[in-house]
$ cat model-v2.cif   # mmCIF, C-alpha atoms and all ligand atoms
data_entry
#
loop_
_atom_site.label_atom_id
_atom_site.label_comp_id
_atom_site.auth_asym_id
_atom_site.auth_seq_id
_atom_site.Cartn_x
_atom_site.Cartn_y
_atom_site.Cartn_z
CA MET A 1 -8.41 -22.25 -5.86
CA THR A 2 -10.18 -23.89 -8.76
CA VAL A 3 -8.29 -24.85 -11.93
CA LEU A 4 -9.44 -22.71 -14.84
CA THR A 5 -11.29 -24.77 -17.46
CA LYS A 6 -13.40 -23.92 -20.49
CA THR A 7 -16.45 -25.09 -18.54
CA ASN A 8 -15.99 -22.70 -15.64
CA ILE A 9 -15.04 -19.82 -17.97
CA ASP A 10 -18.37 -20.40 -19.72
CA LYS A 11 -20.16 -20.40 -16.38
CA GLY A 12 -18.64 -17.03 -15.48
CA LEU A 13 -19.40 -15.55 -18.88
CA ALA A 14 -23.03 -16.68 -18.66
CA ILE A 15 -23.51 -13.97 -16.01
CA LEU A 16 -22.32 -11.32 -18.49
CA LYS A 17 -24.29 -12.78 -21.35
CA ASN A 18 -27.57 -12.46 -19.47
CA THR A 19 -29.31 -10.36 -22.11
CA GLN A 20 -32.42 -10.09 -19.93
CA ASP A 21 -30.54 -7.84 -17.53
CA SER A 22 -30.71 -4.47 -19.27
CA LYS A 23 -29.42 -2.75 -16.11
CA LEU A 24 -26.20 -4.75 -16.46
CA ILE A 25 -25.74 -3.91 -20.15
CA THR A 26 -26.41 -0.20 -19.51
CA ASN A 27 -23.93 -0.01 -16.64
CA LEU A 28 -21.28 -1.94 -18.53
CA ASN A 29 -21.43 0.54 -21.39
CA SER A 30 -21.78 3.85 -19.57
CA CYS A 31 -18.50 4.94 -17.94
CA VAL A 32 -17.14 8.11 -19.59
CA HIS A 33 -13.83 8.02 -17.65
CA CYS A 34 -14.32 11.40 -16.04
CA GLY A 35 -12.49 10.19 -12.89
CA LEU A 36 -14.94 11.82 -10.45
CA CYS A 37 -15.55 8.58 -8.56
CA GLY A 38 -11.93 8.37 -7.32
CA GLU A 39 -12.31 10.77 -4.42
CA SER A 40 -15.32 8.84 -3.11
CA CYS A 41 -13.53 5.52 -2.55
CA ILE A 42 -11.71 4.80 0.72
CA TYR A 43 -9.31 2.44 -1.09
CA TYR A 44 -8.24 5.06 -3.61
CA LEU A 45 -8.18 7.83 -0.99
CA THR A 46 -5.89 5.69 1.16
CA TYR A 47 -3.47 4.30 -1.42
CA LYS A 48 -3.76 6.76 -4.34
CA ASP A 49 -3.14 3.74 -6.55
CA PRO A 50 -5.02 3.98 -9.89
CA ARG A 51 -5.77 0.25 -9.63
CA TYR A 52 -8.14 1.09 -6.76
CA LEU A 53 -10.16 3.69 -8.67
CA PRO A 54 -13.82 2.63 -8.80
CA ALA A 55 -13.67 3.25 -12.57
CA GLN A 56 -10.83 0.72 -12.78
CA LYS A 57 -13.12 -1.91 -11.26
CA VAL A 58 -15.74 -0.97 -13.86
CA ASP A 59 -13.13 -1.16 -16.62
CA LEU A 60 -12.02 -4.63 -15.59
CA ILE A 61 -15.44 -6.21 -15.92
CA THR A 62 -16.30 -4.12 -18.98
CA SER A 63 -13.14 -5.20 -20.81
CA ILE A 64 -14.10 -8.85 -20.30
CA TYR A 65 -17.64 -8.14 -21.43
CA LYS A 66 -16.27 -6.49 -24.56
CA ARG A 67 -13.99 -9.43 -25.35
CA TYR A 68 -16.79 -12.00 -25.36
CA CYS A 69 -19.94 -10.03 -26.08
CA THR A 70 -19.13 -7.32 -28.65
CA PHE A 71 -18.24 -7.53 -32.33
CA ILE A 72 -15.04 -5.44 -32.11
CA GLY A 73 -13.91 -7.12 -28.89
CA LYS A 74 -14.32 -10.57 -30.39
CA ASN A 75 -12.47 -9.70 -33.60
CA ILE A 76 -9.97 -6.88 -32.87
CA PRO A 77 -9.69 -6.94 -29.05
CA PHE A 78 -6.76 -4.50 -28.72
CA LEU A 79 -8.83 -1.75 -30.39
CA THR A 80 -11.30 -1.71 -27.55
CA ASN A 81 -9.15 -2.75 -24.57
CA ALA A 82 -10.93 -6.12 -24.48
CA LYS A 83 -9.43 -8.64 -22.05
CA ASP A 84 -9.42 -12.45 -21.88
CA LEU A 85 -10.90 -14.22 -18.90
CA ASP A 86 -7.57 -15.85 -18.07
CA GLU A 87 -5.69 -16.66 -14.85
CA LYS A 88 -4.03 -13.24 -14.69
CA ASN A 89 -7.26 -11.30 -15.06
CA LEU A 90 -9.10 -13.64 -12.69
CA LYS A 91 -6.46 -12.95 -10.05
CA GLU A 92 -7.00 -9.23 -10.57
CA MET A 93 -10.79 -9.70 -10.33
CA VAL A 94 -10.44 -11.50 -6.98
CA ASP A 95 -8.08 -8.85 -5.65
CA LEU A 96 -10.17 -5.86 -6.78
CA PHE A 97 -13.72 -7.18 -6.35
CA PHE A 98 -13.15 -8.99 -3.04
CA GLY A 99 -10.02 -7.35 -1.64
CA ALA A 100 -10.48 -3.73 -2.70
CA CYS A 101 -14.18 -2.99 -2.51
CA THR A 102 -16.64 -3.03 0.39
CA MET A 103 -19.57 -2.56 -2.02
CA CYS A 104 -20.37 0.55 0.02
CA GLY A 105 -21.90 2.31 -2.99
CA ARG A 106 -20.42 5.74 -2.22
CA CYS A 107 -18.88 5.88 -5.69
CA ASN A 108 -22.34 5.40 -7.21
CA LEU A 109 -23.46 8.56 -5.47
CA HIS A 110 -20.56 10.56 -6.88
CA CYS A 111 -20.45 9.13 -10.40
CA SER A 112 -21.14 11.93 -12.88
CA ILE A 113 -23.59 9.80 -14.83
CA GLY A 114 -24.86 7.41 -12.18
CA VAL A 115 -23.02 4.20 -13.06
CA ASP A 116 -23.93 1.59 -10.43
CA ILE A 117 -20.34 0.61 -9.70
CA ALA A 118 -21.12 -1.49 -6.62
CA TYR A 119 -23.58 -3.47 -8.71
CA LEU A 120 -20.88 -4.17 -11.29
CA VAL A 121 -18.51 -5.29 -8.52
CA ARG A 122 -21.25 -7.57 -7.26
CA THR A 123 -21.68 -8.91 -10.79
CA GLY A 124 -17.93 -9.58 -10.87
CA ARG A 125 -18.25 -11.46 -7.57
CA MET A 126 -21.15 -13.47 -9.05
CA MET A 127 -18.93 -14.45 -11.98
CA LEU A 128 -16.18 -15.53 -9.59
CA ALA A 129 -18.73 -17.50 -7.56
CA GLU A 130 -19.88 -19.34 -10.68
CA MET A 131 -16.28 -20.15 -11.55
CA GLY A 132 -15.31 -21.32 -8.05
CA TYR A 133 -12.98 -18.40 -7.28
CA ILE A 134 -14.48 -17.23 -3.98
CA PRO A 135 -11.75 -16.67 -1.33
CA ASP A 136 -11.81 -19.63 1.09
CA THR A 137 -12.02 -17.35 4.11
CA ILE A 138 -15.36 -15.79 3.19
CA GLN A 139 -16.69 -19.05 1.73
CA SER A 140 -16.11 -20.77 5.08
CA THR A 141 -18.42 -18.19 6.71
CA VAL A 142 -21.15 -19.06 4.21
CA ASP A 143 -20.50 -22.78 4.76
CA ALA A 144 -20.91 -22.33 8.51
CA SER A 145 -24.29 -20.63 7.94
CA ILE A 146 -25.51 -23.34 5.60
CA ASN A 147 -24.22 -26.22 7.75
CA THR A 148 -25.03 -24.98 11.25
CA GLY A 149 -27.74 -22.33 10.80
CA ASN A 150 -25.51 -19.44 11.86
CA ASN A 151 -22.28 -18.01 10.51
CA MET A 152 -20.33 -18.60 13.74
CA GLY A 153 -21.23 -22.25 14.12
CA ILE A 154 -22.78 -21.66 17.57
CA THR A 155 -24.49 -24.83 18.78
CA LYS A 156 -28.13 -24.74 19.83
CA GLU A 157 -27.18 -25.77 23.40
CA GLU A 158 -24.63 -22.95 23.64
CA PHE A 159 -27.19 -20.46 22.33
CA ILE A 160 -29.94 -21.56 24.72
CA ASP A 161 -27.48 -21.46 27.60
CA THR A 162 -26.55 -17.87 26.71
CA LEU A 163 -30.21 -16.84 26.50
CA ASN A 164 -30.90 -18.45 29.87
CA TRP A 165 -28.28 -16.45 31.73
CA LEU A 166 -29.25 -13.31 29.84
CA GLU A 167 -32.82 -13.86 31.02
CA ASP A 168 -31.60 -14.11 34.63
CA ASP A 169 -29.70 -10.85 34.15
CA LEU A 170 -32.80 -9.22 32.67
CA LYS A 171 -34.86 -10.19 35.71
CA ASP A 172 -32.30 -8.49 37.96
CA GLU A 173 -32.01 -5.48 35.69
CA VAL A 174 -35.75 -4.76 35.58
CA ASN A 175 -36.38 -6.14 39.06
CA ASP A 176 -39.15 -8.43 37.85
CA GLU A 177 -39.08 -12.21 38.26
CA LYS A 178 -41.55 -12.52 35.39
CA ALA A 179 -39.28 -10.80 32.82
CA ARG A 180 -38.42 -13.24 30.03
CA ILE A 181 -36.54 -13.82 26.81
CA PRO A 182 -39.15 -15.94 25.05
CA VAL A 183 -37.82 -18.63 22.70
CA ASP A 184 -39.53 -20.56 19.93
CA GLU A 185 -42.98 -19.31 20.89
CA LYS A 186 -45.68 -19.32 18.24
CA ASP A 187 -48.21 -16.62 17.27
CA LYS A 188 -46.26 -13.65 18.65
CA ASN A 189 -46.31 -10.17 17.11
CA ILE A 190 -42.56 -10.17 16.55
CA LEU A 191 -39.89 -12.65 15.59
CA TYR A 192 -36.59 -10.98 16.48
CA THR A 193 -33.34 -11.85 14.69
CA LEU A 194 -29.70 -11.50 15.78
CA ASN A 195 -26.27 -11.14 14.30
CA PRO A 196 -24.39 -14.23 15.65
CA ARG A 197 -21.67 -11.85 16.86
CA GLU A 198 -24.16 -10.97 19.60
CA PRO A 199 -24.44 -14.36 21.35
CA LYS A 200 -20.74 -15.00 20.62
CA PHE A 201 -19.11 -11.70 21.59
CA PHE A 202 -21.71 -9.06 22.53
CA PRO A 203 -24.48 -10.79 24.51
CA LEU A 204 -25.34 -7.53 26.27
CA SER A 205 -26.83 -6.20 23.06
CA ILE A 206 -29.37 -9.07 23.24
CA SER A 207 -30.29 -8.12 26.80
CA ALA A 208 -30.52 -4.48 25.72
CA MET A 209 -33.14 -5.35 23.10
CA ALA A 210 -34.89 -7.70 25.56
CA LYS A 211 -35.15 -4.80 28.03
CA ILE A 212 -36.64 -2.59 25.29
CA PHE A 213 -39.21 -5.27 24.43
CA TYR A 214 -39.97 -5.65 28.15
CA ALA A 215 -40.53 -1.91 28.56
CA ALA A 216 -42.72 -1.80 25.44
CA LYS A 217 -44.75 -4.81 26.74
CA GLU A 218 -44.12 -6.38 23.34
CA SER A 219 -45.26 -9.85 22.32
CA TRP A 220 -42.07 -11.29 20.85
CA THR A 221 -39.84 -14.32 20.50
CA ILE A 222 -36.41 -15.49 19.29
CA SER A 223 -36.00 -18.70 17.32
CA THR A 224 -33.30 -21.06 18.54
CA SER A 225 -33.13 -22.76 15.12
CA MET A 226 -32.89 -19.74 12.81
CA TYR A 227 -32.02 -16.38 14.31
CA ASP A 228 -29.07 -15.35 12.11
CA ILE A 229 -29.83 -12.22 10.08
CA THR A 230 -26.43 -12.15 8.34
CA ASN A 231 -26.10 -13.44 4.79
CA TYR A 232 -22.54 -13.78 3.50
CA GLY A 233 -23.94 -15.46 0.39
CA TYR A 234 -25.01 -11.94 -0.56
CA PHE A 235 -21.35 -10.88 -0.34
CA THR A 236 -19.90 -13.87 -2.20
CA GLY A 237 -22.35 -13.44 -5.06
CA ASN A 238 -23.57 -17.02 -4.81
CA LYS A 239 -27.31 -16.56 -5.33
CA GLU A 240 -28.22 -20.15 -4.51
CA GLU A 241 -26.52 -20.00 -1.12
CA ALA A 242 -27.89 -16.52 -0.37
CA SER A 243 -31.37 -17.82 -1.25
CA ILE A 244 -31.04 -20.82 1.08
CA ILE A 245 -30.21 -18.50 4.00
CA VAL A 246 -33.12 -16.15 3.22
CA LYS A 247 -35.52 -19.07 2.75
CA ARG A 248 -34.65 -20.51 6.17
CA LEU A 249 -35.60 -17.28 7.92
CA PHE A 250 -38.72 -17.00 5.78
CA ASP A 251 -39.69 -20.58 6.72
CA GLU A 252 -39.10 -19.90 10.41
CA MET A 253 -41.47 -16.93 10.22
CA LYS A 254 -44.10 -19.29 8.81
CA ASN A 255 -43.30 -21.99 11.36
CA LEU A 256 -43.66 -19.63 14.32
CA ASN A 257 -46.50 -17.71 12.71
CA ALA A 258 -45.20 -14.30 13.84
CA LYS A 259 -46.73 -11.14 12.41
CA GLU A 260 -43.55 -9.10 11.91
CA LEU A 261 -39.91 -9.92 11.39
CA ILE A 262 -37.60 -7.45 13.11
CA LEU A 263 -34.13 -7.22 11.61
CA ALA A 264 -31.39 -6.80 14.20
CA GLU A 265 -28.71 -4.11 13.95
CA CYS A 266 -26.93 -5.56 10.92
CA GLY A 267 -26.63 -3.49 7.76
CA HIS A 268 -25.95 -6.10 5.11
CA GLY A 269 -28.24 -8.67 6.75
CA SER A 270 -31.13 -6.22 6.70
CA ARG A 271 -30.45 -5.41 3.09
CA ALA A 272 -30.07 -9.03 2.04
CA PHE A 273 -33.31 -10.14 3.70
CA ARG A 274 -35.50 -7.09 3.26
CA TRP A 275 -34.55 -5.82 -0.17
CA GLU A 276 -32.81 -8.71 -1.94
CA GLY A 277 -34.75 -11.56 -0.28
CA PRO A 278 -37.94 -11.27 -2.32
CA ASN A 279 -35.80 -11.37 -5.49
CA TYR A 280 -33.97 -14.47 -4.27
CA LEU A 281 -37.26 -16.19 -3.42
CA LYS A 282 -39.04 -14.72 -6.47
CA ASN A 283 -41.87 -13.91 -4.13
CA LYS A 284 -43.09 -10.96 -2.03
CA TYR A 285 -43.24 -11.50 1.72
CA ASP A 286 -46.72 -11.73 3.18
CA PHE A 287 -45.53 -10.32 6.51
CA LYS A 288 -44.05 -7.01 7.59
CA THR A 289 -40.28 -6.77 7.99
CA ILE A 290 -38.55 -3.70 9.40
CA THR A 291 -35.31 -2.95 11.23
CA SER A 292 -35.02 -2.65 15.00
CA VAL A 293 -33.92 0.95 14.39
CA GLU A 294 -37.32 1.80 12.91
CA LEU A 295 -39.09 -0.17 15.65
CA ILE A 296 -37.27 1.60 18.50
CA ALA A 297 -37.89 5.03 16.91
CA ASP A 298 -41.58 4.14 16.73
CA TYR A 299 -41.67 2.94 20.36
CA ILE A 300 -40.24 6.28 21.51
CA LYS A 301 -42.38 8.39 19.20
CA THR A 302 -45.63 6.73 20.24
CA GLY A 303 -44.70 6.82 23.93
CA ARG A 304 -44.56 3.06 24.19
CA ILE A 305 -41.20 3.37 25.88
CA LYS A 306 -39.97 6.35 27.84
CA VAL A 307 -36.35 7.44 27.86
CA ASP A 308 -34.34 9.78 30.06
CA LYS A 309 -33.50 12.77 27.91
CA GLU A 310 -30.59 13.66 30.16
CA LYS A 311 -29.10 10.17 30.15
CA LEU A 312 -26.07 10.65 27.94
CA LYS A 313 -23.91 13.53 28.99
CA GLN A 314 -20.84 12.59 26.97
CA ARG A 315 -20.34 13.74 23.38
CA ILE A 316 -21.87 11.26 20.93
CA THR A 317 -21.27 10.71 17.26
CA LEU A 318 -22.91 8.33 14.82
CA HIS A 319 -21.46 6.06 12.17
CA ASP A 320 -23.95 5.35 9.36
CA PRO A 321 -23.68 1.75 8.10
CA CYS A 322 -23.61 1.85 4.28
CA ASN A 323 -26.13 -0.95 3.79
CA LEU A 324 -28.60 0.50 6.25
CA VAL A 325 -28.31 4.14 5.24
CA ARG A 326 -27.09 4.76 1.68
CA ASN A 327 -28.33 1.41 0.44
CA GLY A 328 -31.28 0.98 2.77
CA GLY A 329 -32.86 4.40 3.23
CA ILE A 330 -32.77 4.41 7.08
CA VAL A 331 -31.31 7.86 7.70
CA ASN A 332 -33.46 9.83 10.15
CA GLU A 333 -34.68 7.19 12.60
CA GLN A 334 -31.31 6.71 14.33
CA ARG A 335 -30.86 10.48 14.60
CA TYR A 336 -34.31 10.85 16.11
CA ILE A 337 -33.49 8.19 18.72
CA ILE A 338 -30.12 9.70 19.62
CA ASN A 339 -31.60 13.17 19.95
CA GLN A 340 -34.09 11.79 22.48
CA ILE A 341 -31.26 10.59 24.72
CA ALA A 342 -28.11 12.59 24.09
CA LYS A 343 -27.50 16.24 24.85
CA ASP A 344 -24.32 16.57 22.82
CA PHE A 345 -24.68 14.80 19.47
CA VAL A 346 -22.16 15.76 16.78
CA GLU A 347 -22.34 14.50 13.22
CA MET A 348 -19.28 13.25 11.36
CA THR A 349 -18.28 14.96 8.13
CA PRO A 350 -19.57 13.66 5.76
CA HIS A 351 -22.50 11.68 7.16
CA GLY A 352 -25.89 10.26 6.22
CA ILE A 353 -26.10 8.95 2.68
CA ASP A 354 -22.66 10.40 1.91
CA ASN A 355 -20.99 8.67 4.89
CA LEU A 356 -17.59 7.05 4.56
CA CYS A 357 -17.57 3.27 4.83
CA CYS A 358 -15.81 2.05 8.00
CA GLY A 359 -13.95 -0.51 5.89
CA GLY A 360 -15.58 -3.59 7.39
CA GLY A 361 -18.32 -4.07 4.78
CA GLY A 362 -18.51 -6.30 1.74
CA GLY A 363 -17.36 -9.31 3.78
CA GLN A 364 -13.97 -7.74 4.59
CA LEU A 365 -14.19 -8.83 8.23
CA ALA A 366 -14.31 -12.45 7.11
CA MET A 367 -11.28 -12.20 4.79
CA SER A 368 -8.23 -12.15 7.03
CA GLU A 369 -5.87 -12.00 4.03
CA TYR A 370 -6.93 -8.36 3.59
CA ASN A 371 -6.67 -7.36 7.27
CA GLU A 372 -3.78 -4.96 6.70
CA ARG A 373 -5.66 -3.21 3.91
CA ARG A 374 -8.82 -3.11 6.03
CA MET A 375 -7.01 -1.33 8.85
CA ALA A 376 -5.36 1.09 6.41
CA ILE A 377 -8.67 2.15 4.83
CA GLY A 378 -10.12 2.53 8.34
CA GLU A 379 -7.89 5.56 8.88
CA ARG A 380 -10.44 7.85 7.17
CA LYS A 381 -13.08 6.74 9.67
CA ALA A 382 -10.62 7.17 12.54
CA ASP A 383 -9.99 10.76 11.41
CA GLN A 384 -13.70 11.46 11.14
CA ILE A 385 -14.24 10.20 14.69
CA LYS A 386 -11.28 12.19 16.04
CA ASN A 387 -12.59 15.36 14.41
CA THR A 388 -15.86 15.14 16.32
CA SER A 389 -14.07 14.83 19.72
CA ALA A 390 -16.79 12.34 20.64
CA GLN A 391 -16.39 9.92 23.52
CA ILE A 392 -19.03 7.49 22.29
CA VAL A 393 -19.56 6.26 18.72
CA ILE A 394 -22.94 4.71 18.01
CA THR A 395 -23.59 2.48 15.05
CA PRO A 396 -26.61 0.29 14.32
CA CYS A 397 -24.66 -2.56 12.72
CA HIS A 398 -22.66 -5.33 14.39
CA ASN A 399 -20.22 -5.65 11.49
CA CYS A 400 -19.48 -1.92 11.78
CA VAL A 401 -19.19 -2.34 15.58
CA ASP A 402 -16.51 -4.96 15.03
CA GLN A 403 -14.55 -2.86 12.56
CA LEU A 404 -14.87 0.28 14.71
CA ILE A 405 -13.63 -1.59 17.79
CA GLN A 406 -10.54 -2.61 15.83
CA ILE A 407 -10.08 0.92 14.44
CA ASN A 408 -10.48 2.28 17.97
CA SER A 409 -7.65 0.12 19.20
CA TYR A 410 -5.42 0.44 16.10
CA TYR A 411 -5.64 4.25 15.91
CA LYS A 412 -5.82 4.71 19.72
CA LEU A 413 -9.04 6.72 19.60
CA ASN A 414 -10.05 5.93 23.18
CA VAL A 415 -13.78 5.99 22.44
CA GLN A 416 -16.59 3.62 23.35
CA ILE A 417 -18.44 1.85 20.52
CA LYS A 418 -22.12 1.10 21.15
CA THR A 419 -25.22 -0.05 19.32
CA LEU A 420 -28.46 1.92 19.38
CA ALA A 421 -30.24 -0.73 21.46
CA GLU A 422 -27.53 -0.43 24.13
CA ILE A 423 -27.88 3.32 24.57
CA VAL A 424 -31.69 3.13 24.52
CA ALA A 425 -31.74 0.30 27.08
CA ASP A 426 -29.49 2.36 29.36
CA ALA A 427 -31.82 5.35 29.10
CA ILE A 428 -35.15 3.54 29.53
CA ILE A 429 -37.38 4.71 32.35
CA LEU A 430 -39.30 1.72 33.66
CA GLU A 431 -42.70 2.44 35.12
S1 LIG A 501 -18.37 0.57 -3.68
FE1 LIG A 501 -17.19 1.71 -2.12
S2 LIG A 501 -15.29 0.53 -1.85
FE2 LIG A 501 -16.25 -0.19 -3.77
S3 LIG A 501 -15.31 1.02 -5.40
FE3 LIG A 501 -17.17 2.10 -4.76
S4 LIG A 501 -16.51 3.57 -3.18
FE4 LIG A 501 -14.85 2.04 -3.44
S1 LIG A 502 -17.47 8.83 -12.09
FE1 LIG A 502 -18.67 7.29 -13.25
S2 LIG A 502 -18.36 7.87 -15.37
FE2 LIG A 502 -16.76 8.92 -14.22
S3 LIG A 502 -14.99 7.50 -14.23
FE3 LIG A 502 -16.15 7.03 -12.39
S4 LIG A 502 -17.54 5.36 -13.03
FE4 LIG A 502 -16.80 6.34 -14.89
#
$ encode --input "model-v2.cif" --output "structure tokens"
Amino acid sequence: MTVLTKTNIDKGLAILKNTQDSKLITNLNSCVHCGLCGESCIYYLTYKDPRYLPAQKVDLITSIYKRYCTFIGKNIPFLTNAKDLDEKNLKEMVDLFFGACTMCGRCNLHCSIGVDIAYLVRTGRMMLAEMGYIPDTIQSTVDASINTGNNMGITKEEFIDTLNWLEDDLKDEVNDEKARIPVDEKDKNILYTLNPREPKFFPLSISAMAKIFYAAKESWTISTSMYDITNYGYFTGNKEEASIIVKRLFDEMKNLNAKELILAECGHGSRAFRWEGPNYLKNKYDFKTITSVELIADYIKTGRIKVDKEKLKQRITLHDPCNLVRNGGIVNEQRYIINQIAKDFVEMTPHGIDNLCCGGGGGQLAMSEYNERRMAIGERKADQIKNTSAQIVITPCHNCVDQLIQINSYYKLNVQIKTLAEIVADAIILE
């Protein structure tokens, strides 16, 4: 950890003193302490510790703001609960903003006056980034992305080798020697991205999407230099590093001259590139970018791919990734797809924009020091799954897949966890 100096305190405070950000000032001054947000947060619901109340996270950053940016806070701090930016409070900021918040945004939805609590947590993370207080575990994930082009440090040779054997498998699967996984090809309709967890741990989700593209007769390619859709710089709050990652994908779109960028099943990556990216680059994209969930729904709807409506006989449920659904507006497409394939689809309670976070968001999967907490907060999701009696849980996000696999094992749920592409690929009828 960094040694606290006047210089890095000033750097952190500069984030709070950004008077051009009226959204920040409004949110910092709005909480009325009604307490309604408590029941929305998986950390508070699990531990019932007032420290974990969303409002407590708001209070922490607000008290520092008051100390350095308001007249009363500067002169009579105890009157307004103003706090110094000292070692003790920095430790609390790291623990609450990194270790006790997935930035799922559910509390925003339930706040009586609409305080954007997740945004304030993100602002707190930005302050910590400026001051050099990012946990090493999550920072090493960002470093891997910046240094190797993907957050798992997969070498280009390893990646190409994986794609080669997946292509052989695809040929067998569709019984067509001409079936391909095209790499680094220019002027295609689609540049498809991946979460590096796919080539590393779940290569079959790449072949699933390749089979869908094959069935749709799509013109597509994967880049072997920049395919990683994840952006842990978004989680750490380091805008420069998040911008570098977005810019690389943007540049690869230009290099390969594709018409559309398709975002793989990755909630935060989709959000970081699609919605935050233009802000990072201070520029609108001049190409279309949508998620694979929207693309697959469109393929089915327009008849471009045909699926067996009787394919899935087991009971299915769906986990909504926070960044894709509540924070990304993709709510109906995944339901449309599942209803085309599954006979027995049961929703969790609650679901859709009010879903419960699985506990793996906000970079939690990268921070092993909070593993115990991450498994504890996952109990709510485990209960939701149990209550549906489903045998298969679908989720269109590889981070959620990872967390749900661990929850499945930890809470002995005995379910299968699948992505949308996997169930669609299984149900495709090839002509
Ligand atoms: S964003 Fe999610 S995890 Fe964070 S305080 Fe709000 S409800 Fe809790
Ligand atoms: S619901 Fe909103 S206003 Fe009420 S305590 Fe929570 S953050 Fe504050």
$ residues_near_ligand --input "model-v2.cif" --ligand "ligand LIG 501 (chain A)" --cutoff "9 Å" --atoms "all atoms listed in the file" --output "ChimeraX atom specification"
/A:37-44,52-58,96-97,100-110,116-119,121,356-357,359,361-362
$ atom_distance --input "model-v2.cif" --atom1 "atom CA of Leu60 of chain A" --atom2 "atom CA of Leu90 of chain A"
9.9 Å
$ axis_aligned_box --input "model-v2.cif" --around "ligand LIG 502 (chain A)" --padding-each-side "8 Å" --output "JSON"
{"center_x": -16.8, "center_y": 7.1, "center_z": -13.7, "size_x": 19.7, "size_y": 19.6, "size_z": 19.3}
$ closest_atom_pairs --input "model-v2.cif" --of "chain A" --to "ligand LIG 502 (chain A)" --cutoff "6 Å" --atoms "only C-alpha atoms and all ligand atoms" --output "Markdown table"
| residue | atom | partner | partner_atom | distance |
| --- | --- | --- | --- | --- |
| A:Cys31 | CA | A:LIG502 | FE4 | 3.8 |
| A:Val32 | CA | A:LIG502 | S2 | 4.4 |
| A:His33 | CA | A:LIG502 | S3 | 3.6 |
| A:Cys34 | CA | A:LIG502 | FE2 | 3.9 |
| A:Gly35 | CA | A:LIG502 | S3 | 3.9 |
| A:Leu36 | CA | A:LIG502 | S1 | 4.2 |
| A:Cys37 | CA | A:LIG502 | S1 | 4.0 |
| A:Ala55 | CA | A:LIG502 | S4 | 4.4 |
| A:Cys111 | CA | A:LIG502 | S1 | 3.4 |
| A:Ser112 | CA | A:LIG502 | S1 | 4.9 |
| A:Ile113 | CA | A:LIG502 | S2 | 5.6 |
| A:Val115 | CA | A:LIG502 | FE1 | 5.3 |
$ atom_distance --input "model-v2.cif" --atom1 "atom CA of Lys259 of chain A" --atom2 "atom CA of Phe159 of chain A"
23.8 Å
$ atom_distance --input "model-v2.cif" --atom1 "atom CA of Asp49 of chain A" --atom2 "atom CA of Glu130 of chain A"
28.8 Å
$ closest_residue --input "model-v2.cif" --among "A:Gly303, A:Gly153, A:Pro278, A:Pro396" --to "Asn323 of chain A" --atoms "all atoms listed in the file"
A:Pro396
$ residues_around --input "model-v2.cif" --residues "Gly378 of chain A" --least-positions-apart "3" --cutoff "8 Å" --atoms "all atoms listed in the file" --output "ChimeraX atom specification"
/A:358-359,374-375,381-382,407
$ write_last_selection --input "model-v2.cif" --atoms "C-alpha atoms" --output "compact mmCIF listing (two decimals), in the coordinates of the input"
# COMPACT_ATOMS: atom_id res chain seq x y z
CA CYS A 358 -15.81 2.05 8.00
CA GLY A 359 -13.95 -0.51 5.89
CA ARG A 374 -8.82 -3.11 6.03
CA MET A 375 -7.01 -1.33 8.85
CA LYS A 381 -13.08 6.74 9.67
CA ALA A 382 -10.62 7.17 12.54
CA ILE A 407 -10.08 0.92 14.44
$ closest_residue --input "model-v2.cif" --among "A:Asn387, A:Thr46, A:Gln340, A:Thr193" --to "Ser292 of chain A" --atoms "all atoms listed in the file"
A:Thr193
$ closest_residue --input "model-v2.cif" --among "A:Ile146, A:Ile212, A:Leu85, A:Met367" --to "Gly233 of chain A" --atoms "all atoms listed in the file"
A:Ile146
$ closest_residue --input "model-v2.cif" --among "A:Asp187, A:Asp383, A:Glu252, A:Glu431" --to "Ile305 of chain A" --atoms "only C-alpha atoms"
A:Glu431
$ residues_around --input "model-v2.cif" --residues "Ser145 of chain A" --least-positions-apart "4" --cutoff "9 Å" --atoms "only C-alpha atoms" --output "short mmCIF file (atom, residue, chain, number, x, y, z; two decimals) with C-alpha atoms, in the frame of the given file"
data_model
loop_
_atom_site.label_atom_id
_atom_site.label_comp_id
_atom_site.auth_asym_id
_atom_site.auth_seq_id
_atom_site.Cartn_x
_atom_site.Cartn_y
_atom_site.Cartn_z
CA SER A 140 -16.11 -20.77 5.08
CA THR A 141 -18.42 -18.19 6.71
CA GLY A 149 -27.74 -22.33 10.80
CA ASN A 150 -25.51 -19.44 11.86
CA ASN A 151 -22.28 -18.01 10.51
CA MET A 152 -20.33 -18.60 13.74
CA GLY A 153 -21.23 -22.25 14.12
CA ASP A 228 -29.07 -15.35 12.11
CA THR A 230 -26.43 -12.15 8.34
CA ASN A 231 -26.10 -13.44 4.79
CA TYR A 232 -22.54 -13.78 3.50
CA ILE A 245 -30.21 -18.50 4.00
#
$ closest_residue --input "model-v2.cif" --among "A:Glu422, A:Asp184, A:Asp286, A:Glu87" --to "Ile160 of chain A" --atoms "only C-alpha atoms"
A:Asp184
